[in-house]
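One structure is given below, encoded as structure tokens.
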Amino acid sequence: MHSQITSQTSPYWQQHENQPVNWMTWSPDTFQKAQEADKPILVSIGYSACHWCQEMSRNCFEDKYIASLMNRHFVCILVDREERPDLDLMYMEAVRMFNQSAGWPLNVFCLPDGRPFWGGTYFPREDLGNGLAPWPQVLMRVSEHYQKAKDELIENAENVISNLLHANHVDCSEENTWSDQLLINAVKKICSLHDDEFGGFTPAPKFPSPMKLDFLLSILESNSIRKNNIQHDRVKSCLKTSLNSLADGGIFDHIGGGFFRYSTNKEWSQPHYEKLLSDNALLLSTFARAYGHFNSPKYERVIRKTLIWLKSEIGSSSKGFSSSLSAESNGDEGAYYEWELTPMITCMEPENAKKYFEALPDQTSGRKLPQLINSKKFSIQEQLLWMDQLESGKSLKPKPSVDRKRILANNALLIRGYVDAAIVLQDISLLHDAISLEKWIDHNFIDQEFCLQSFIYPETEKSVTSKGNLDDYTFYAEALLKLASVSEIIETGSSLAYINKAISITESAITHFKDSKMAGFFFSDGSLSPPPPCRKKVWYDNATPSGNSSLLNVFLNLHHLTKEHKWRKEYEDSLTGYPKIAERMPEGIAHALSAISQEAIGKITIYLPPLLMEEAFKYLPSIINRCVFLSPQVDAEKGIQIKIGKSEKTWDFDQIDPMIKFLKEE
């Protein structure tokens, strides 16, 4: 069967290229074909590291009979969600409107013009007695409904698009009604959702939620929380419980480093095994900030092992980092990470192997996943030693495949992670890594007008062009400003260059994504062709922060650094989209809350003579959860000065130590 995807570079497409389904791309030719044949469109969205995407692919799309049904009754579009996150976001929200679970693979049935009328996620080949309709049955029911009652589906699709458009601005206010009391209310709400036994903020399946943890770390610096002992202790308790569970549990790869996508159970002991750059970049920053606050050796271990994993398995700062590592090895989920007893015995003392294997939680495969457990039979230090011994045995296991797609947004998140890790580990080489990664981004993703690509495929002969989305622009601008906060330690005068580049990137984002009529920024570029059926705004954080939340931080930092009123106005205009959400569901906008809380607490600029930059860097771990910029002192006679927040007052110091003491108490 001829398929459009045989000429594509995406590993996700390549996984499907030999299937009997006549897969097509999101293109004008595809929509023309659907409209001429008057067939509904099936849009199937996934990514190469996703285990359940592979399960449905093997069980359904490789079946010749099922493929014949798909080809006969539908025009089938395959989408790599990492290449078209705009389609993924829009169709995901649509599927939630159908009261269906939302995840991957995402399968959406649409009119010939792409407007969705129904959808779901994973469907089995046959009835397994678990309440999921068999995929062939779903195909036939949808096809029959389209043939017999097309008007109903058209009406349904029209209502879906109307609701999607309405959701873009349903929570926006005509004027700024923000009150900082909303921050305190948000703290109480988020802490009330916390699982005090095992950590996390939702029932199983559990995700690490780095944005919520970041907000709680930020709010600990506020005087309102500091002065309220009960609330202060509550926030710290939530943080330590969740962070300790993440650091000890099976969601962290204790042998190879890095975090898995999520846990299927409440105890964090049974993960799904895909590893994403985005998750690990965010969690690297979160654990660095947590280490700065709590000084816990287990957090330091997480940071160091994650850094090792990044460089050993998915990339480098000079060539960028791949998007993901598959959950499967040779079609077997978790095989690279889980252990049977016999291989464990070959790496460890047999008696130690037996008692450790017996004590580890069971996995659905029957194998065991190494993780730190509380036991009277052996200590944590013994377990750490055994994990080091097991590392040698991994070389005999088949490695999971790597999706070598380089995504701008995710690499930009890693720049922030590198900077935070450099600060708390006091490792200047990590700052050099951050600078090197930014240079690579600059070389590969930006044109002369500061328009961005979203992704590239390195070391391939096929030319791939992509349009940056809002996250690419805003995460990159945040990364540039993060670099500007400390780059003077490496090179005098460099901070201004990063700030100016961030300004250019942000101005380009305003041009491409800003809604001229209502608050907020669209996720996708308006010039995409063919466009998505609905151009969406994203207010809520998902696996990564929302671009609109990220922009709040960018606007505030640019106003703090430049004092230009236009950035303050951009911030205040955007802020009108958040008060209603903060009242109703603050847990969904934690990245925005972090930005707003850091502004309320007060951003700090420290003006230093260049010779004192390295000394000042040594003190930064103790104030890592404040927003601090190290800036060169232009007047040598003035020594050390600091400015905080909106205040025009300047504090003068002769030495760094009393200045840091003042900031910690301020």
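Quick note on naming: the chains in the structure tokens go A, B, ... in the order shown, residues restart at 1 in each chain, and ligands are numbered from 1 in order of appearance.
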
### Task
Show which residues sit within 12 Å of Ile66 of chain A, as a PyMOL selection string. Count only C-alpha atoms, and ignore same-chain residues fewer than 4 positions away.
chain A and resi 19-22+56-62+70-74+124-126+134-140

Next, dump the selected residues to file, keeping only N, CA and C atoms, as an mmCIF file, in the first residue's frame.
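Written out: out-v9.cif:
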data_model
loop_
_atom_site.group_PDB
_atom_site.id
_atom_site.type_symbol
_atom_site.label_atom_id
_atom_site.label_comp_id
_atom_site.auth_asym_id
_atom_site.auth_seq_id
_atom_site.Cartn_x
_atom_site.Cartn_y
_atom_site.Cartn_z
ATOM 1 N N GLN A 19 3.036 -0.459 7.170
ATOM 2 C CA GLN A 19 1.723 -0.987 7.536
ATOM 3 C C GLN A 19 0.765 -0.954 6.346
ATOM 4 N N PRO A 20 -0.261 -1.799 6.354
ATOM 5 C CA PRO A 20 -1.229 -1.804 5.246
ATOM 6 C C PRO A 20 -2.177 -0.603 5.248
ATOM 7 N N VAL A 21 -2.158 0.188 6.312
ATOM 8 C CA VAL A 21 -2.994 1.401 6.335
ATOM 9 C C VAL A 21 -2.393 2.423 5.375
ATOM 10 N N ASN A 22 -3.235 3.058 4.578
ATOM 11 C CA ASN A 22 -2.775 4.100 3.664
ATOM 12 C C ASN A 22 -2.671 5.428 4.418
ATOM 13 N N MET A 56 -1.237 -0.223 20.115
ATOM 14 C CA MET A 56 -2.353 -0.126 19.175
ATOM 15 C C MET A 56 -1.861 -0.290 17.738
ATOM 16 N N SER A 57 -0.671 0.212 17.478
ATOM 17 C CA SER A 57 -0.103 0.075 16.143
ATOM 18 C C SER A 57 0.074 -1.392 15.776
ATOM 19 N N ARG A 58 0.653 -2.168 16.701
ATOM 20 C CA ARG A 58 0.879 -3.591 16.430
ATOM 21 C C ARG A 58 -0.432 -4.369 16.317
ATOM 22 N N ASN A 59 -1.341 -4.091 17.241
ATOM 23 C CA ASN A 59 -2.556 -4.900 17.338
ATOM 24 C C ASN A 59 -3.614 -4.539 16.303
ATOM 25 N N CYS A 60 -3.629 -3.271 15.901
ATOM 26 C CA CYS A 60 -4.703 -2.821 14.994
ATOM 27 C C CYS A 60 -4.191 -2.409 13.612
ATOM 28 N N PHE A 61 -3.218 -1.520 13.574
ATOM 29 C CA PHE A 61 -2.825 -0.945 12.291
ATOM 30 C C PHE A 61 -2.028 -1.923 11.420
ATOM 31 N N GLU A 62 -1.457 -2.950 12.030
ATOM 32 C CA GLU A 62 -0.734 -3.952 11.243
ATOM 33 C C GLU A 62 -1.635 -5.108 10.809
ATOM 34 N N MET A 70 -10.166 0.685 7.625
ATOM 35 C CA MET A 70 -9.712 2.075 7.737
ATOM 36 C C MET A 70 -9.560 2.701 6.359
ATOM 37 N N ASN A 71 -8.958 1.980 5.419
ATOM 38 C CA ASN A 71 -8.732 2.519 4.078
ATOM 39 C C ASN A 71 -10.033 2.689 3.301
ATOM 40 N N ARG A 72 -10.986 1.770 3.507
ATOM 41 C CA ARG A 72 -12.243 1.806 2.745
ATOM 42 C C ARG A 72 -13.153 2.942 3.212
ATOM 43 N N HIS A 73 -13.169 3.168 4.508
ATOM 44 C CA HIS A 73 -14.181 4.079 5.055
ATOM 45 C C HIS A 73 -13.643 5.443 5.496
ATOM 46 N N PHE A 74 -12.328 5.587 5.554
ATOM 47 C CA PHE A 74 -11.749 6.830 6.076
ATOM 48 C C PHE A 74 -10.533 7.244 5.260
ATOM 49 N N PRO A 124 -8.659 -1.547 21.645
ATOM 50 C CA PRO A 124 -8.087 -2.871 21.375
ATOM 51 C C PRO A 124 -8.608 -3.449 20.065
ATOM 52 N N ARG A 125 -7.948 -4.491 19.593
ATOM 53 C CA ARG A 125 -8.366 -5.159 18.365
ATOM 54 C C ARG A 125 -9.680 -5.907 18.564
ATOM 55 N N GLU A 126 -9.867 -6.469 19.770
ATOM 56 C CA GLU A 126 -11.071 -7.257 20.054
ATOM 57 C C GLU A 126 -11.557 -6.948 21.459
ATOM 58 N N PRO A 134 -13.990 -2.592 20.775
ATOM 59 C CA PRO A 134 -12.996 -3.046 19.793
ATOM 60 C C PRO A 134 -12.881 -2.046 18.641
ATOM 61 N N TRP A 135 -11.672 -1.851 18.144
ATOM 62 C CA TRP A 135 -11.421 -0.865 17.108
ATOM 63 C C TRP A 135 -12.238 -1.140 15.828
ATOM 64 N N PRO A 136 -12.339 -2.374 15.354
ATOM 65 C CA PRO A 136 -13.167 -2.591 14.153
ATOM 66 C C PRO A 136 -14.618 -2.165 14.359
ATOM 67 N N GLN A 137 -15.142 -2.420 15.548
ATOM 68 C CA GLN A 137 -16.521 -2.034 15.844
ATOM 69 C C GLN A 137 -16.668 -0.514 15.848
ATOM 70 N N VAL A 138 -15.686 0.178 16.412
ATOM 71 C CA VAL A 138 -15.702 1.643 16.422
ATOM 72 C C VAL A 138 -15.691 2.176 14.992
ATOM 73 N N LEU A 139 -14.823 1.629 14.160
ATOM 74 C CA LEU A 139 -14.716 2.082 12.774
ATOM 75 C C LEU A 139 -16.045 1.947 12.036
ATOM 76 N N MET A 140 -16.694 0.801 12.174
ATOM 77 C CA MET A 140 -17.933 0.564 11.441
ATOM 78 C C MET A 140 -19.067 1.439 11.959
#

Quick one: residues within 8 Å of Phe629 of chain A, only C-alpha atoms counted, chain neighbours fewer than 6 positions away excluded, as a short mmCIF file (atom, residue, chain, number, x, y, z; two decimals) with C-alpha atoms, in the first residue's frame?
data_model
loop_
_atom_site.label_atom_id
_atom_site.label_comp_id
_atom_site.auth_asym_id
_atom_site.auth_seq_id
_atom_site.Cartn_x
_atom_site.Cartn_y
_atom_site.Cartn_z
CA ALA A 484 21.62 36.66 31.43
CA SER A 485 21.19 36.37 35.20
CA VAL A 486 24.58 34.67 35.65
CA ILE A 604 16.60 41.30 42.70
CA THR A 605 19.43 42.86 40.72
CA ILE A 606 22.88 42.74 42.31
#

### Task
Point out the residue among A:Thr346, A:Asn229, A:Ser631, A:Ser48 with the least atom-to-atom distance to Ser10 of chain A, counting only C-alpha atoms.
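The answer is A:Ser48, which sits nearest to Ser10 of chain A.
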
### Task
Find the residues near Ala422 of chain A: any atom within 10 Å, counting only C-alpha atoms, skip ones fewer than 5 places away on the same chain, and give them as a list in words.
Ala288, Arg416, Gly417, Asp427, Ile428, Ser429, Leu430, Leu431, His432, Asp433, Ala434, Phe617 and Pro621 of chain A

Produce a table with one row for each residue of segment 381-421 of chain A that has an atom at most 12 Å from any atom of segment 624-628 of chain A, each row naming the nearest atom pair and its distance in Å at one decimal; use only C-alpha atoms; arrange rows by chain and rising residue number; format as CSV.
residue,atom,partner,partner_atom,distance
A:Val419,CA,A:Ile624,CA,10.5
A:Asp420,CA,A:Ile624,CA,7.6
A:Ala421,CA,A:Ile624,CA,10.1

### Selection: 8 Å around Phe207 of chain A, only C-alpha atoms, excl. self and same-chain fewer than 4 positions, as a PyMOL selection string
chain A and resi 200+202+261-263

Can I get the selection written as an mmCIF file, in the first residue's frame, with C-alpha atoms?
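Result went into again_23.cif, see below:
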data_model
loop_
_atom_site.group_PDB
_atom_site.id
_atom_site.type_symbol
_atom_site.label_atom_id
_atom_site.label_comp_id
_atom_site.auth_asym_id
_atom_site.auth_seq_id
_atom_site.Cartn_x
_atom_site.Cartn_y
_atom_site.Cartn_z
ATOM 1 C CA GLY A 200 1.902 14.003 44.339
ATOM 2 C CA THR A 202 -3.564 13.550 41.939
ATOM 3 C CA ARG A 261 7.026 9.725 32.235
ATOM 4 C CA TYR A 262 4.596 8.821 35.027
ATOM 5 C CA SER A 263 3.627 6.228 37.615
#

Could you give me, as a tab-separated table (two decimals) with C-alpha atoms, in the first residue's frame, the residues within 8 Å of Ala479 of chain A, counting only C-alpha atoms and dropping anything in the same chain fewer than 4 positions from it?
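Final file, selection.tsv:
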chain	number	residue	atom	x	y	z
A	412	ALA	CA	15.45	25.71	25.95
A	413	LEU	CA	13.97	24.19	29.11
A	415	ILE	CA	19.22	25.58	29.50
A	416	ARG	CA	17.28	26.68	32.57
A	475	PHE	CA	10.76	28.96	26.62
A	483	LEU	CA	21.48	32.88	31.16

Mind checking which residues fall within 6 Å of Glu267 of chain A, counting only C-alpha atoms, ignoring those fewer than 2 positions away in the same chain, and posting them as a compact mmCIF listing (two decimals) with N, CA and C atoms, in the first residue's frame?
# COMPACT_ATOMS: atom_id res chain seq x y z
N PHE A 198 2.06 9.48 50.09
CA PHE A 198 2.99 9.09 49.03
C PHE A 198 3.48 10.26 48.17
N ASN A 265 0.77 3.74 39.62
CA ASN A 265 0.19 3.51 40.94
C ASN A 265 0.52 4.67 41.88
N SER A 269 5.87 3.37 42.36
CA SER A 269 6.77 2.22 42.19
C SER A 269 6.63 1.54 40.84

### Query
Which residues, written as a PyMOL selection string, have at least one atom at most 12 Å from Leu396 of chain A, with only C-alpha atoms counted and residues fewer than 3 positions away on the same chain left out?
chain A and resi 335-337+339+343-344+346-347+390-393+399

With C-alpha atoms retained, export the selected residues as a PDB file, in the first residue's frame.
ATOM      1  CA  ALA A 335      12.847  -4.588  29.540  1.00  0.00           C
ATOM      2  CA  TYR A 336      15.879  -2.286  29.667  1.00  0.00           C
ATOM      3  CA  TYR A 337      15.142  -1.187  33.223  1.00  0.00           C
ATOM      4  CA  TRP A 339      15.403  -7.225  36.225  1.00  0.00           C
ATOM      5  CA  PRO A 343      20.824 -11.535  35.799  1.00  0.00           C
ATOM      6  CA  MET A 344      20.752  -9.670  39.118  1.00  0.00           C
ATOM      7  CA  THR A 346      25.435 -12.190  38.068  1.00  0.00           C
ATOM      8  CA  CYS A 347      26.029  -8.550  39.061  1.00  0.00           C
ATOM      9  CA  LEU A 390      23.771  -3.476  38.572  1.00  0.00           C
ATOM     10  CA  GLU A 391      24.853  -0.707  36.229  1.00  0.00           C
ATOM     11  CA  SER A 392      27.427  -2.987  34.594  1.00  0.00           C
ATOM     12  CA  GLY A 393      24.704  -5.501  33.730  1.00  0.00           C
ATOM     13  CA  LYS A 399      18.625  -0.456  24.482  1.00  0.00           C
TER      14      LYS A 399
END

### Task
Extract the full set of helix (DSSP H, G or I) residues from segment 285-429 of chain A according to DSSP on the backbone, and format it as a PyMOL selection string.
chain A and resi 285-294+297-314+341-347+350-359+380-396+408-425+428-429

### Query
Counting only C-alpha atoms, which of A:Leu284, A:Ala133, A:Leu165, A:Leu111 gets nearest to Phe522 of chain A?
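Looking only at the distances to Phe522 of chain A, the closest residue turns out to be A:Leu165.
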
### Query
Nearest to Lys467 of chain A among A:Val170, A:Ala497, A:Leu437, A:Ile407, with distances taken over only C-alpha atoms: which residue is it?
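Smallest separation from Lys467 of chain A among the options: A:Ile407.
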
### Nearest to Trp178 of chain A, chosen from A:Lys646, A:Thr576, A:Asp38, A:Gly602, with only C-alpha atoms counted in the distances
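The closest residue to Trp178 of chain A is A:Thr576.
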
#### Entry: Residues of segment 129-319 of chain A in strand (DSSP E or B), written as a PyMOL selection string
chain A and resi 206+252+259+262-263+271-272+275-276+315-316

Could you turn the residues from that selection into a file that holds N, CA and C atoms, as a PDB file, in the first residue's frame?
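The new file again-v4.pdb reads:
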ATOM      1  N   LYS A 206      -0.031   8.954  38.366  1.00  0.00           N
ATOM      2  CA  LYS A 206       0.575  10.151  38.943  1.00  0.00           C
ATOM      3  C   LYS A 206       1.704  10.678  38.060  1.00  0.00           C
ATOM      4  N   PHE A 252      11.984   7.249  39.133  1.00  0.00           N
ATOM      5  CA  PHE A 252      13.354   7.669  38.834  1.00  0.00           C
ATOM      6  C   PHE A 252      14.185   6.434  38.491  1.00  0.00           C
ATOM      7  N   PHE A 259      14.208  10.621  34.783  1.00  0.00           N
ATOM      8  CA  PHE A 259      12.861  10.262  35.228  1.00  0.00           C
ATOM      9  C   PHE A 259      12.050   9.652  34.085  1.00  0.00           C
ATOM     10  N   TYR A 262       5.554   8.742  33.931  1.00  0.00           N
ATOM     11  CA  TYR A 262       4.596   8.821  35.027  1.00  0.00           C
ATOM     12  C   TYR A 262       4.509   7.476  35.714  1.00  0.00           C
ATOM     13  N   SER A 263       3.816   7.460  36.853  1.00  0.00           N
ATOM     14  CA  SER A 263       3.627   6.228  37.615  1.00  0.00           C
ATOM     15  C   SER A 263       2.184   5.763  37.467  1.00  0.00           C
ATOM     16  N   PRO A 271       6.266   2.562  37.033  1.00  0.00           N
ATOM     17  CA  PRO A 271       6.208   3.619  36.014  1.00  0.00           C
ATOM     18  C   PRO A 271       5.802   3.097  34.645  1.00  0.00           C
ATOM     19  N   HIS A 272       5.402   4.031  33.774  1.00  0.00           N
ATOM     20  CA  HIS A 272       5.480   3.785  32.339  1.00  0.00           C
ATOM     21  C   HIS A 272       6.824   4.337  31.903  1.00  0.00           C
ATOM     22  N   LYS A 275      11.047   8.012  28.539  1.00  0.00           N
ATOM     23  CA  LYS A 275      11.749   9.150  29.135  1.00  0.00           C
ATOM     24  C   LYS A 275      11.723  10.299  28.134  1.00  0.00           C
ATOM     25  N   LEU A 276      11.257  11.453  28.593  1.00  0.00           N
ATOM     26  CA  LEU A 276      11.164  12.627  27.733  1.00  0.00           C
ATOM     27  C   LEU A 276      12.159  13.685  28.187  1.00  0.00           C
ATOM     28  N   GLY A 315      22.195  13.126  24.061  1.00  0.00           N
ATOM     29  CA  GLY A 315      22.734  14.262  23.334  1.00  0.00           C
ATOM     30  C   GLY A 315      23.906  14.931  24.003  1.00  0.00           C
ATOM     31  N   SER A 316      24.163  16.160  23.547  1.00  0.00           N
ATOM     32  CA  SER A 316      25.250  16.960  24.099  1.00  0.00           C
ATOM     33  C   SER A 316      24.907  18.430  23.939  1.00  0.00           C
TER      34      SER A 316
END

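The gap separating atom CA of Lys514 of chain A from atom CA of Asn185 of chain A is 29.5 Å, in Å to one decimal.
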
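Counting only C-alpha atoms, the residue from A:Gln270, A:Ser162, A:Asp86, A:Trp13 that sits nearest to Gly526 of chain A is A:Asp86.
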
### Summary
Shortest contact to Phe662 of chain A, candidates A:Ile642, A:Gly334, A:Ala509, A:Asp127, atoms counted only C-alpha atoms, goes to A:Ile642
